[in-house]
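Text of coords.cif, listed as mmCIF, C-alpha atoms:
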```cif
data_entry
#
loop_
_atom_site.label_atom_id
_atom_site.label_comp_id
_atom_site.auth_asym_id
_atom_site.auth_seq_id
_atom_site.Cartn_x
_atom_site.Cartn_y
_atom_site.Cartn_z
CA MET A 168 -22.13 -5.21 10.64
CA THR A 169 -19.43 -7.14 8.86
CA THR A 170 -15.75 -6.94 8.04
CA LEU A 171 -14.50 -4.12 5.82
CA LEU A 172 -11.84 -5.04 3.24
CA LEU A 173 -9.79 -2.13 1.93
CA THR A 174 -7.35 -2.31 -0.95
CA HIS A 175 -6.46 -0.46 -4.19
CA GLU A 176 -4.87 -1.12 -7.56
CA ALA A 177 -2.25 1.54 -6.72
CA PHE A 178 -0.63 -0.94 -4.33
CA LEU A 179 0.52 -2.84 -7.41
CA GLY A 180 2.30 0.31 -8.63
CA HIS A 181 5.02 0.13 -5.98
CA ALA A 182 7.59 -1.55 -8.21
CA VAL A 183 10.66 -3.39 -6.93
CA PRO A 184 13.67 -4.93 -8.70
CA GLU A 185 13.46 -8.46 -10.04
CA GLY A 186 13.83 -10.99 -7.24
CA HIS A 187 12.78 -8.63 -4.45
CA PRO A 188 10.53 -10.51 -1.99
CA GLU A 189 8.11 -7.60 -1.38
CA ARG A 190 6.69 -7.80 -4.89
CA PRO A 191 3.34 -6.85 -6.47
CA ASP A 192 2.39 -10.53 -6.75
CA ARG A 193 1.71 -10.42 -3.00
CA LEU A 194 -1.28 -8.19 -3.66
CA ARG A 195 -2.33 -10.08 -6.77
CA VAL A 196 -2.62 -13.33 -4.83
CA LEU A 197 -4.75 -11.62 -2.19
CA GLN A 198 -7.00 -10.15 -4.87
CA GLN A 199 -7.53 -13.69 -6.10
CA VAL A 200 -8.17 -15.00 -2.60
CA PHE A 201 -10.79 -12.38 -1.76
CA SER A 202 -12.59 -12.82 -5.08
CA ASP A 203 -13.74 -16.23 -3.85
CA GLU A 204 -17.45 -16.61 -3.14
CA ALA A 205 -16.68 -17.31 0.52
CA PHE A 206 -15.74 -13.64 0.89
CA ALA A 207 -18.88 -12.27 -0.78
CA PRO A 208 -20.23 -10.98 2.58
CA LEU A 209 -17.26 -8.62 2.96
CA MET A 210 -17.92 -4.91 2.79
CA ARG A 211 -15.42 -3.57 0.25
CA ALA A 212 -13.93 -0.13 -0.36
CA GLU A 213 -10.99 1.36 -2.18
CA ALA A 214 -8.29 2.81 0.03
CA PRO A 215 -8.55 6.60 -0.33
CA LEU A 216 -5.50 8.73 -0.99
CA GLY A 217 -3.96 10.06 2.20
CA GLY A 218 -1.18 12.60 2.30
CA ILE A 219 1.38 14.54 4.24
CA ASN A 220 -1.02 15.41 7.06
CA LEU A 221 -1.57 11.72 7.84
CA ALA A 222 2.12 10.81 7.59
CA GLU A 223 2.91 13.58 10.07
CA LEU A 224 0.71 11.93 12.69
CA ALA A 225 3.64 9.59 13.38
CA HIS A 226 6.62 11.12 11.57
CA PRO A 227 8.32 14.54 11.77
CA ALA A 228 7.59 16.95 8.92
CA GLU A 229 11.21 16.98 7.80
CA TYR A 230 11.24 13.19 7.47
CA VAL A 231 8.03 13.21 5.42
CA ALA A 232 9.50 15.91 3.17
CA THR A 233 12.62 13.79 2.65
CA ILE A 234 10.54 10.80 1.51
CA GLU A 235 8.60 13.02 -0.89
CA LYS A 236 11.83 14.41 -2.36
CA LEU A 237 13.25 10.92 -2.86
CA SER A 238 10.30 9.82 -5.01
CA PRO A 239 11.77 9.22 -8.51
CA ASP A 240 10.27 10.05 -11.88
CA ARG A 241 11.70 6.81 -13.28
CA GLY A 242 13.74 3.86 -12.11
CA PHE A 243 14.46 3.39 -8.43
CA ALA A 244 15.61 5.59 -5.58
CA GLY A 245 17.35 3.54 -2.91
CA ILE A 246 17.12 4.30 0.80
CA ASP A 247 19.00 1.09 1.55
CA PRO A 248 19.60 -2.07 -0.52
CA ASP A 249 16.18 -3.47 0.43
CA THR A 250 14.10 -0.29 0.65
CA LEU A 251 13.59 1.35 -2.72
CA MET A 252 11.13 3.82 -4.17
CA SER A 253 9.72 3.64 -7.70
CA PRO A 254 7.47 6.23 -9.40
CA GLY A 255 4.41 4.46 -7.95
CA THR A 256 5.66 4.12 -4.39
CA LEU A 257 4.49 7.44 -3.00
CA GLU A 258 0.89 6.92 -4.07
CA ALA A 259 0.94 3.38 -2.67
CA THR A 260 2.24 4.57 0.69
CA TYR A 261 -0.25 7.42 0.88
CA ARG A 262 -3.13 5.11 -0.01
CA SER A 263 -1.97 2.81 2.79
CA LEU A 264 -2.36 5.74 5.17
CA GLY A 265 -5.70 6.77 3.71
CA GLY A 266 -6.85 3.17 3.87
CA VAL A 267 -5.94 2.61 7.50
CA VAL A 268 -7.58 5.89 8.54
CA ARG A 269 -10.71 4.82 6.65
CA ALA A 270 -10.58 1.52 8.54
CA VAL A 271 -10.33 3.29 11.91
CA ASP A 272 -13.24 5.55 10.96
CA ALA A 273 -15.35 2.53 10.00
CA VAL A 274 -14.92 0.68 13.29
CA PHE A 275 -15.43 3.76 15.46
CA THR A 276 -18.56 4.94 13.65
CA GLY A 277 -20.10 1.47 13.61
CA GLU A 278 -19.98 1.12 9.85
CA ALA A 279 -18.03 -2.14 10.20
CA ALA A 280 -17.31 -4.57 13.02
CA ASN A 281 -13.64 -4.76 12.07
CA ALA A 282 -11.44 -4.11 9.05
CA PHE A 283 -8.52 -5.55 7.09
CA LEU A 284 -6.25 -3.39 4.92
CA ALA A 285 -4.59 -5.36 2.12
CA ALA A 286 -1.83 -2.93 1.19
CA ARG A 287 1.82 -2.70 0.33
CA PRO A 288 4.51 -1.64 1.04
CA PRO A 289 4.40 -2.70 4.71
CA GLY A 290 5.01 -0.23 7.52
CA HIS A 291 6.13 -1.66 10.85
CA HIS A 292 9.90 -1.20 10.32
CA ALA A 293 9.51 2.53 9.61
CA GLU A 294 10.81 4.41 12.63
CA ALA A 295 9.81 7.99 13.35
CA ARG A 296 12.79 9.30 11.37
CA ARG A 297 14.03 6.36 9.32
CA ALA A 298 12.72 4.20 6.48
CA MET A 299 14.02 0.63 6.41
CA GLY A 300 13.01 -2.99 5.92
CA PHE A 301 10.78 -2.31 2.87
CA CYS A 302 8.86 0.31 4.93
CA PHE A 303 8.46 4.09 4.50
CA PHE A 304 5.58 5.23 6.75
CA ASN A 305 4.35 3.32 9.79
CA THR A 306 0.76 2.46 8.94
CA ALA A 307 -0.17 0.90 12.29
CA ALA A 308 1.25 3.87 14.21
CA ILE A 309 -0.71 6.32 12.07
CA ALA A 310 -3.88 4.32 12.71
CA ALA A 311 -3.29 4.63 16.46
CA ARG A 312 -2.60 8.36 16.32
CA HIS A 313 -5.70 8.95 14.19
CA ALA A 314 -7.86 7.02 16.69
CA GLN A 315 -6.52 9.21 19.48
CA LYS A 316 -6.95 12.46 17.58
CA ALA A 317 -10.31 11.84 15.90
CA TYR A 318 -12.10 9.68 18.47
CA GLY A 319 -10.39 10.41 21.78
CA ALA A 320 -9.19 6.82 22.18
CA GLU A 321 -7.49 6.70 25.57
CA ARG A 322 -5.74 3.33 25.27
CA ILE A 323 -4.71 1.43 22.15
CA ALA A 324 -3.03 -1.95 21.76
CA ILE A 325 -0.96 -2.86 18.72
CA ILE A 326 -0.20 -6.58 18.36
CA ASP A 327 2.45 -7.52 15.80
CA TRP A 328 2.88 -11.16 14.83
CA ASP A 329 5.09 -10.56 11.80
CA VAL A 330 8.16 -12.81 12.00
CA HIS A 331 10.38 -9.71 12.03
CA HIS A 332 10.23 -7.41 15.02
CA GLY A 333 8.43 -4.11 14.39
CA ASN A 334 11.28 -1.88 15.49
CA GLY A 335 9.61 1.14 13.93
CA THR A 336 6.39 0.80 15.91
CA GLN A 337 8.39 0.19 19.07
CA ASP A 338 10.47 3.30 18.37
CA ILE A 339 7.44 5.52 17.86
CA PHE A 340 5.67 4.39 21.03
CA TRP A 341 8.68 3.79 23.31
CA SER A 342 7.75 6.72 25.57
CA ASP A 343 3.97 6.43 25.24
CA ARG A 344 1.86 5.52 28.28
CA ASP A 345 -1.34 4.92 26.34
CA VAL A 346 -0.32 2.88 23.29
CA MET A 347 0.84 -0.66 24.03
CA TYR A 348 3.03 -2.41 21.47
CA ALA A 349 3.24 -6.20 21.79
CA SER A 350 5.19 -8.46 19.44
CA THR A 351 6.02 -12.07 18.74
CA HIS A 352 8.91 -12.52 16.30
CA GLN A 353 11.88 -14.72 15.55
CA MET A 354 15.20 -13.86 17.20
CA PRO A 355 17.93 -13.52 16.21
CA LEU A 356 16.67 -12.10 12.93
CA TYR A 357 16.39 -8.75 11.16
CA PRO A 358 16.26 -6.04 12.46
CA GLY A 359 17.92 -7.28 15.66
CA THR A 360 15.56 -5.61 18.13
CA GLY A 361 12.81 -7.15 20.27
CA GLU A 362 14.49 -8.57 23.37
CA ARG A 363 12.25 -9.24 26.36
CA SER A 364 14.18 -6.57 28.24
CA GLU A 365 12.94 -3.88 25.81
CA THR A 366 9.90 -2.65 27.72
CA GLY A 367 9.71 1.09 26.99
CA GLU A 368 9.70 4.00 29.41
CA HIS A 369 6.34 3.03 30.92
CA GLY A 370 6.31 -0.75 30.52
CA THR A 371 3.98 -0.58 27.52
CA ILE A 372 6.36 -2.44 25.19
CA VAL A 373 5.88 -6.22 25.39
CA ASN A 374 8.23 -8.49 23.45
CA ALA A 375 7.87 -12.28 23.34
CA PRO A 376 10.64 -13.49 20.99
CA LEU A 377 10.60 -16.96 19.47
CA ARG A 378 13.49 -19.11 18.23
CA ALA A 379 14.14 -20.60 14.81
CA GLY A 380 12.16 -23.82 14.47
CA ASP A 381 9.41 -22.79 16.88
CA GLY A 382 5.92 -23.63 15.74
CA GLY A 383 2.32 -23.27 16.83
CA GLU A 384 2.83 -24.48 20.38
CA ALA A 385 5.53 -21.87 21.14
CA PHE A 386 3.52 -19.16 19.40
CA ARG A 387 0.42 -20.01 21.45
CA ALA A 388 2.44 -20.00 24.65
CA ALA A 389 3.88 -16.57 23.85
CA MET A 390 0.43 -15.21 23.09
CA GLU A 391 -1.43 -16.80 26.00
CA ALA A 392 1.19 -16.44 28.73
CA VAL A 393 2.69 -13.07 27.80
CA ILE A 394 0.86 -10.96 25.25
CA LEU A 395 -2.88 -11.54 25.60
CA PRO A 396 -2.98 -10.97 29.38
CA ARG A 397 -1.10 -7.69 28.96
CA ILE A 398 -3.42 -6.51 26.20
CA ALA A 399 -6.48 -7.40 28.26
CA ALA A 400 -5.07 -5.58 31.29
CA HIS A 401 -4.46 -2.51 29.11
CA ARG A 402 -8.24 -2.37 28.38
CA PRO A 403 -7.81 -0.92 24.89
CA ASP A 404 -10.32 1.23 23.07
CA LEU A 405 -8.96 -0.19 19.80
CA ILE A 406 -6.84 -3.19 18.83
CA ILE A 407 -4.58 -2.84 15.79
CA ILE A 408 -2.98 -5.95 14.30
CA SER A 409 0.26 -5.71 12.33
CA ALA A 410 -0.64 -8.85 10.42
CA GLY A 411 2.53 -10.19 8.89
CA PHE A 412 2.24 -13.78 7.70
CA ASP A 413 5.95 -14.54 7.25
CA ALA A 414 5.99 -16.70 10.38
CA HIS A 415 4.25 -19.31 8.18
CA ARG A 416 6.36 -22.44 7.76
CA ARG A 417 6.70 -21.89 3.99
CA ASP A 418 8.14 -18.38 4.18
CA PRO A 419 11.65 -18.01 2.70
CA LEU A 420 12.82 -15.13 4.92
CA ALA A 421 12.55 -16.82 8.31
CA ASN A 422 12.45 -20.12 10.16
CA LEU A 423 9.27 -20.35 12.21
CA GLU A 424 6.80 -23.16 11.61
CA LEU A 425 3.36 -21.60 11.98
CA GLU A 426 0.32 -22.78 10.05
CA ALA A 427 -2.70 -20.75 8.96
CA GLY A 428 -4.66 -22.16 11.89
CA ASP A 429 -2.30 -20.52 14.35
CA PHE A 430 -3.29 -17.10 13.02
CA VAL A 431 -6.97 -18.08 13.29
CA ARG A 432 -6.59 -18.94 16.97
CA ALA A 433 -4.75 -15.68 17.71
CA THR A 434 -7.33 -13.67 15.76
CA ARG A 435 -10.22 -15.17 17.69
CA GLN A 436 -8.48 -14.55 21.02
CA LEU A 437 -7.94 -10.91 20.13
CA MET A 438 -11.57 -10.65 19.05
CA GLU A 439 -12.64 -11.90 22.48
CA ILE A 440 -10.59 -9.18 24.16
CA ALA A 441 -11.95 -6.59 21.74
CA ASP A 442 -15.51 -7.69 22.53
CA ARG A 443 -14.88 -7.21 26.26
CA HIS A 444 -13.12 -3.86 26.11
CA CYS A 445 -13.74 -1.96 22.86
CA GLU A 446 -17.00 -3.09 21.28
CA GLY A 447 -15.13 -5.45 18.96
CA ARG A 448 -13.05 -2.74 17.29
CA ILE A 449 -10.11 -4.30 15.43
CA VAL A 450 -8.15 -2.87 12.52
CA SER A 451 -5.77 -5.32 10.86
CA VAL A 452 -3.01 -4.19 8.49
CA LEU A 453 -1.02 -6.44 6.17
CA GLU A 454 2.71 -6.44 6.90
CA GLY A 455 5.01 -9.24 5.68
CA GLY A 456 4.43 -12.64 4.09
CA TYR A 457 6.63 -13.56 1.14
CA ASP A 458 5.65 -17.08 0.13
CA LEU A 459 2.54 -16.62 -1.99
CA VAL A 460 0.89 -19.89 -0.94
CA GLY A 461 1.56 -19.27 2.75
CA LEU A 462 0.40 -15.68 2.44
CA ALA A 463 -2.82 -16.67 0.68
CA GLU A 464 -3.63 -19.41 3.20
CA SER A 465 -2.89 -17.25 6.21
CA ALA A 466 -4.62 -14.05 5.09
CA SER A 467 -7.65 -16.04 4.01
CA ALA A 468 -7.85 -17.76 7.40
CA HIS A 469 -7.33 -14.49 9.29
CA VAL A 470 -10.05 -12.59 7.43
CA THR A 471 -12.41 -15.57 7.65
CA ALA A 472 -12.01 -15.41 11.45
CA LEU A 473 -12.64 -11.65 11.45
CA MET A 474 -15.85 -12.27 9.50
CA GLU A 475 -17.24 -14.38 12.35
CA ARG A 476 -18.57 -11.14 13.92
#
```
For the file at hand, write its structure as structure tokens.
Amino acid sequence: MTTLLLTHEAFLGHAVPEGHPERPDRLRVLQQVFSDEAFAPLMRAEAPLGGINLAELAHPAEYVATIEKLSPDRGFAGIDPDTLMSPGTLEATYRSLGGVVRAVDAVFTGEAANAFLAARPPGHHAEARRAMGFCFFNTAAIAARHAQKAYGAERIAIIDWDVHHGNGTQDIFWSDRDVMYASTHQMPLYPGTGERSETGEHGTIVNAPLRAGDGGEAFRAAMEAVILPRIAAHRPDLIIISAGFDAHRRDPLANLELEAGDFVRATRQLMEIADRHCEGRIVSVLEGGYDLVGLAESASAHVTALMER
């Protein structure tokens, strides 16, 4: 078995206004990265088109209907100043959902050891009933719900190392005993959530905030002292990574100082836990990362680590 890479040209069709950081070039640079000979061993597949039924795994039907109605025939439809739909957005979001479900299927059936979904727009800011922060549907949450529904997964761990706290994922699983959400992120920073005191109704929310200027040492401490022991104790049947790479030192939207190697270390540590508890099953989903060089370096390093299985 090897790593499954999922992506699709439709992810380029989610257009944004000039100067918006979540731009199609993010996917173009990853296409270039993964065309390198070093990634020839990857198993590759196009992200299939999901739909309303998948979105409703994590979002109420009325919310999904609202997003569908907002989809414009031309120009942009704004949910907030940063979160806008273009004519290609709905297909991109639904292919994100189809792609992450395909990834979950692959790791549970033994088709692949693990999987990485290179998709946009991101998802972790999408709450159950609210789109925000460039996000419309919560891809990681839908992956978790699909694993529960289709494969009877009893315990799932979602680890989010995007520099911005995944308020949406936290919102969706706040009252859930079986899905653990664990996050490192810069504070204070958008969206303003993610304090250590935010632990959920059953203690399954784990936040380890970092401060502006923190680098690899602080990130490792947060992972090794706080997050990894909690994930291991949860004994997950699946690990999902919300893999944002905007904590890289080059990123323009934040002030952490991580290097690509920091993501490699964290990836390998999560793989060790996955080997002990869930037969290596990891599904990783692209979230943020807005400097193209930092994104390319970090995603390349992360997927290279996943390929070590």
**OP:** Find the residues around Asn374 in chain A up to 6 Å (all atoms listed in the file counted), leave out those fewer than 6 positions away in its own chain, and share them as a list in words.
**Re:** Ala349, Ser350, Gly361 and Arg363 of chain A
From the list A:Ala389, A:Leu423, A:Val330, A:Ala324, the nearest residue to Ser451 in chain A using all atoms listed in the file is A:Ala324
* To do: Write out as a list in words the residues lying within 9 Å of Asp192 in chain A, counting only C-alpha atoms and excluding same-chain residues fewer than 5 positions away.
  => Leu179, Leu197 and Leu459 of chain A
Query raised in the report: Quick one: distance from CA of Gly447 in chain A to CA of Glu213 in chain A in Å, one decimal?
Result: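 Calculated distance between CA of Gly447 in chain A and CA of Glu213 in chain A is 22.6 Å.
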Students should find that CA of Ala270 in chain A and CA of Ala214 in chain A are spaced 8.9 Å
_Set the distance at 6 Å and use only C-alpha atoms: which residues neighbour Tyr261 in chain A once local chain neighbours fewer than 3 positions away are removed? I'd like the list as an MDAnalysis selection string._
chainID A and resid 216:218 258 264
Open item on the list: I'd like the contact shell of Pro289 in chain A - 10 Å cut-off, all atoms listed in the file, skipping same-chain residues fewer than 2 positions apart - returned as a list in words.
Closed with: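 Close residues of Pro289 in chain A: Glu189, Thr260, Ser263, Ala285, Ala286, Arg287, His291, His292, Ala293, Gly300, Phe301, Cys302, Phe303, Phe304, Asn305, Thr306, Ala307, Ser409, Ala410, Gly411, Val452, Leu453, Glu454, Gly455 and Gly456 of chain A.
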I'd like the interatomic distance between CA of Leu395 in chain A and CA of Gln436 in chain A, to a tenth of an Å.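 Separating CA of Leu395 in chain A from CA of Gln436 in chain A is a distance of 7.8 Å.
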Do you know which residues are at most 10 Å from range 318-321 of chain A counting only C-alpha atoms, after dropping those on the same chain fewer than 4 positions away, and could you put them as number ranges by chain?
A: 271-272, 275-276, 311-314, 344-346, 402-405, 445
Keeping only C-alpha atoms, write those residues as an mmCIF file, in the frame of the given file.
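Contents of part_28.cif, freshly written:
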```cif
data_model
loop_
_atom_site.group_PDB
_atom_site.id
_atom_site.type_symbol
_atom_site.label_atom_id
_atom_site.label_comp_id
_atom_site.auth_asym_id
_atom_site.auth_seq_id
_atom_site.Cartn_x
_atom_site.Cartn_y
_atom_site.Cartn_z
ATOM 1 C CA VAL A 271 -10.330 3.290 11.910
ATOM 2 C CA ASP A 272 -13.240 5.550 10.960
ATOM 3 C CA PHE A 275 -15.430 3.760 15.460
ATOM 4 C CA THR A 276 -18.560 4.940 13.650
ATOM 5 C CA ALA A 311 -3.290 4.630 16.460
ATOM 6 C CA ARG A 312 -2.600 8.360 16.320
ATOM 7 C CA HIS A 313 -5.700 8.950 14.190
ATOM 8 C CA ALA A 314 -7.860 7.020 16.690
ATOM 9 C CA ARG A 344 1.860 5.520 28.280
ATOM 10 C CA ASP A 345 -1.340 4.920 26.340
ATOM 11 C CA VAL A 346 -0.320 2.880 23.290
ATOM 12 C CA ARG A 402 -8.240 -2.370 28.380
ATOM 13 C CA PRO A 403 -7.810 -0.920 24.890
ATOM 14 C CA ASP A 404 -10.320 1.230 23.070
ATOM 15 C CA LEU A 405 -8.960 -0.190 19.800
ATOM 16 C CA CYS A 445 -13.740 -1.960 22.860
#
```
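The smallest atom-to-atom distance between Glu424 in chain A and any of A:Leu173, A:Leu377, A:Leu251, A:Ala182, using all atoms listed in the file, is found for A:Leu377.
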| Counting all atoms listed in the file, the option among A:Asp249, A:Arg297, A:Ile323, A:Ser465 closest to Gly186 in chain A |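 Smallest separation from Gly186 in chain A among the options: A:Asp249.
Each of A:Ala279, A:Ala225, A:Met299, A:Ala379 was compared to Phe340 in chain A using only C-alpha atoms, and A:Ala225 turns out to be the nearest.
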Discussion item. When you count all atoms listed in the file, which of these residues is closest to Leu420 in chain A: A:Ala228, A:Leu356, A:Ile406, A:Ile339?
Written reply: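 When distances to Leu420 in chain A are compared using all atoms listed in the file, the smallest one comes from A:Leu356.
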Restricting to all atoms listed in the file, whichever of A:His226, A:Arg195, A:His415, A:Arg211 is closest to Gly383 in chain A is A:His415
For the provided coordinates, the residues matched by the PyMOL selection byres ((chain A and resi 397) around 12) should be stated as number ranges by chain.
A: 323-326, 347-350, 370-375, 389-396, 398-403, 437, 440
Restricted to C-alpha atoms, what would the selected residues look like written as a compact mmCIF listing (two decimals), in the frame of the given file?
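File produced: selection35.txt:
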```
# COMPACT_ATOMS: atom_id res chain seq x y z
CA ILE A 323 -4.71 1.43 22.15
CA ALA A 324 -3.03 -1.95 21.76
CA ILE A 325 -0.96 -2.86 18.72
CA ILE A 326 -0.20 -6.58 18.36
CA MET A 347 0.84 -0.66 24.03
CA TYR A 348 3.03 -2.41 21.47
CA ALA A 349 3.24 -6.20 21.79
CA SER A 350 5.19 -8.46 19.44
CA GLY A 370 6.31 -0.75 30.52
CA THR A 371 3.98 -0.58 27.52
CA ILE A 372 6.36 -2.44 25.19
CA VAL A 373 5.88 -6.22 25.39
CA ASN A 374 8.23 -8.49 23.45
CA ALA A 375 7.87 -12.28 23.34
CA ALA A 389 3.88 -16.57 23.85
CA MET A 390 0.43 -15.21 23.09
CA GLU A 391 -1.43 -16.80 26.00
CA ALA A 392 1.19 -16.44 28.73
CA VAL A 393 2.69 -13.07 27.80
CA ILE A 394 0.86 -10.96 25.25
CA LEU A 395 -2.88 -11.54 25.60
CA PRO A 396 -2.98 -10.97 29.38
CA ILE A 398 -3.42 -6.51 26.20
CA ALA A 399 -6.48 -7.40 28.26
CA ALA A 400 -5.07 -5.58 31.29
CA HIS A 401 -4.46 -2.51 29.11
CA ARG A 402 -8.24 -2.37 28.38
CA PRO A 403 -7.81 -0.92 24.89
CA LEU A 437 -7.94 -10.91 20.13
CA ILE A 440 -10.59 -9.18 24.16
```
If I only have part of range 177-192 of chain A, can you fill in N, CA, C and O atoms and write it as a CSV table (one decimal), in the coordinates of the input?
```csv
chain,number,residue,atom,x,y,z
A,177,ALA,N,-3.5,0.8,-6.8
A,177,ALA,CA,-2.2,1.5,-6.7
A,177,ALA,C,-1.2,0.8,-5.9
A,177,ALA,O,0.0,1.1,-6.1
A,178,PHE,N,-1.6,-0.2,-5.1
A,178,PHE,CA,-0.6,-0.9,-4.3
A,178,PHE,C,0.2,-1.8,-5.2
A,178,PHE,O,1.3,-2.2,-4.8
A,179,LEU,N,-0.3,-2.1,-6.4
A,179,LEU,CA,0.5,-2.8,-7.4
A,179,LEU,C,1.6,-1.9,-8.1
A,179,LEU,O,2.5,-2.4,-8.7
A,180,GLY,N,1.4,-0.6,-8.0
A,180,GLY,CA,2.3,0.3,-8.6
A,180,GLY,C,3.6,0.6,-7.9
A,180,GLY,O,4.5,1.2,-8.5
A,181,HIS,N,3.7,0.1,-6.7
A,181,HIS,CA,5.0,0.1,-6.0
A,181,HIS,C,5.9,-1.0,-6.6
A,181,HIS,O,5.8,-2.1,-6.2
A,182,ALA,N,6.7,-0.6,-7.5
A,182,ALA,CA,7.6,-1.6,-8.2
A,182,ALA,C,8.9,-1.8,-7.4
A,182,ALA,O,9.3,-0.9,-6.7
A,183,VAL,N,9.4,-3.0,-7.6
A,183,VAL,CA,10.7,-3.4,-6.9
A,183,VAL,C,11.5,-4.1,-8.0
A,183,VAL,O,11.0,-4.6,-8.9
A,184,PRO,N,12.8,-4.2,-7.8
A,184,PRO,CA,13.7,-4.9,-8.7
A,184,PRO,C,13.3,-6.4,-8.8
A,184,PRO,O,12.8,-7.0,-7.8
A,185,GLU,N,13.7,-7.0,-9.9
A,185,GLU,CA,13.5,-8.5,-10.0
A,185,GLU,C,14.1,-9.2,-8.9
A,185,GLU,O,15.2,-9.0,-8.5
A,186,GLY,N,13.3,-10.2,-8.3
A,186,GLY,CA,13.8,-11.0,-7.2
A,186,GLY,C,13.6,-10.4,-5.9
A,186,GLY,O,13.8,-11.1,-4.9
A,187,HIS,N,13.1,-9.2,-5.7
A,187,HIS,CA,12.8,-8.6,-4.4
A,187,HIS,C,11.6,-9.3,-3.8
A,187,HIS,O,10.6,-9.5,-4.5
A,188,PRO,N,11.6,-9.7,-2.6
A,188,PRO,CA,10.5,-10.5,-2.0
A,188,PRO,C,9.2,-9.7,-1.8
A,188,PRO,O,8.1,-10.3,-1.9
A,189,GLU,N,9.3,-8.4,-1.6
A,189,GLU,CA,8.1,-7.6,-1.4
A,189,GLU,C,7.6,-7.1,-2.7
A,189,GLU,O,7.6,-5.9,-3.0
A,190,ARG,N,7.0,-8.0,-3.5
A,190,ARG,CA,6.7,-7.8,-4.9
A,190,ARG,C,5.2,-7.6,-5.1
A,190,ARG,O,4.4,-8.1,-4.3
A,191,PRO,N,4.8,-7.1,-6.2
A,191,PRO,CA,3.3,-6.8,-6.5
A,191,PRO,C,2.5,-8.1,-6.5
A,191,PRO,O,1.3,-8.1,-6.2
A,192,ASP,N,3.1,-9.3,-6.8
A,192,ASP,CA,2.4,-10.5,-6.8
A,192,ASP,C,1.8,-10.8,-5.4
A,192,ASP,O,0.8,-11.6,-5.3
```
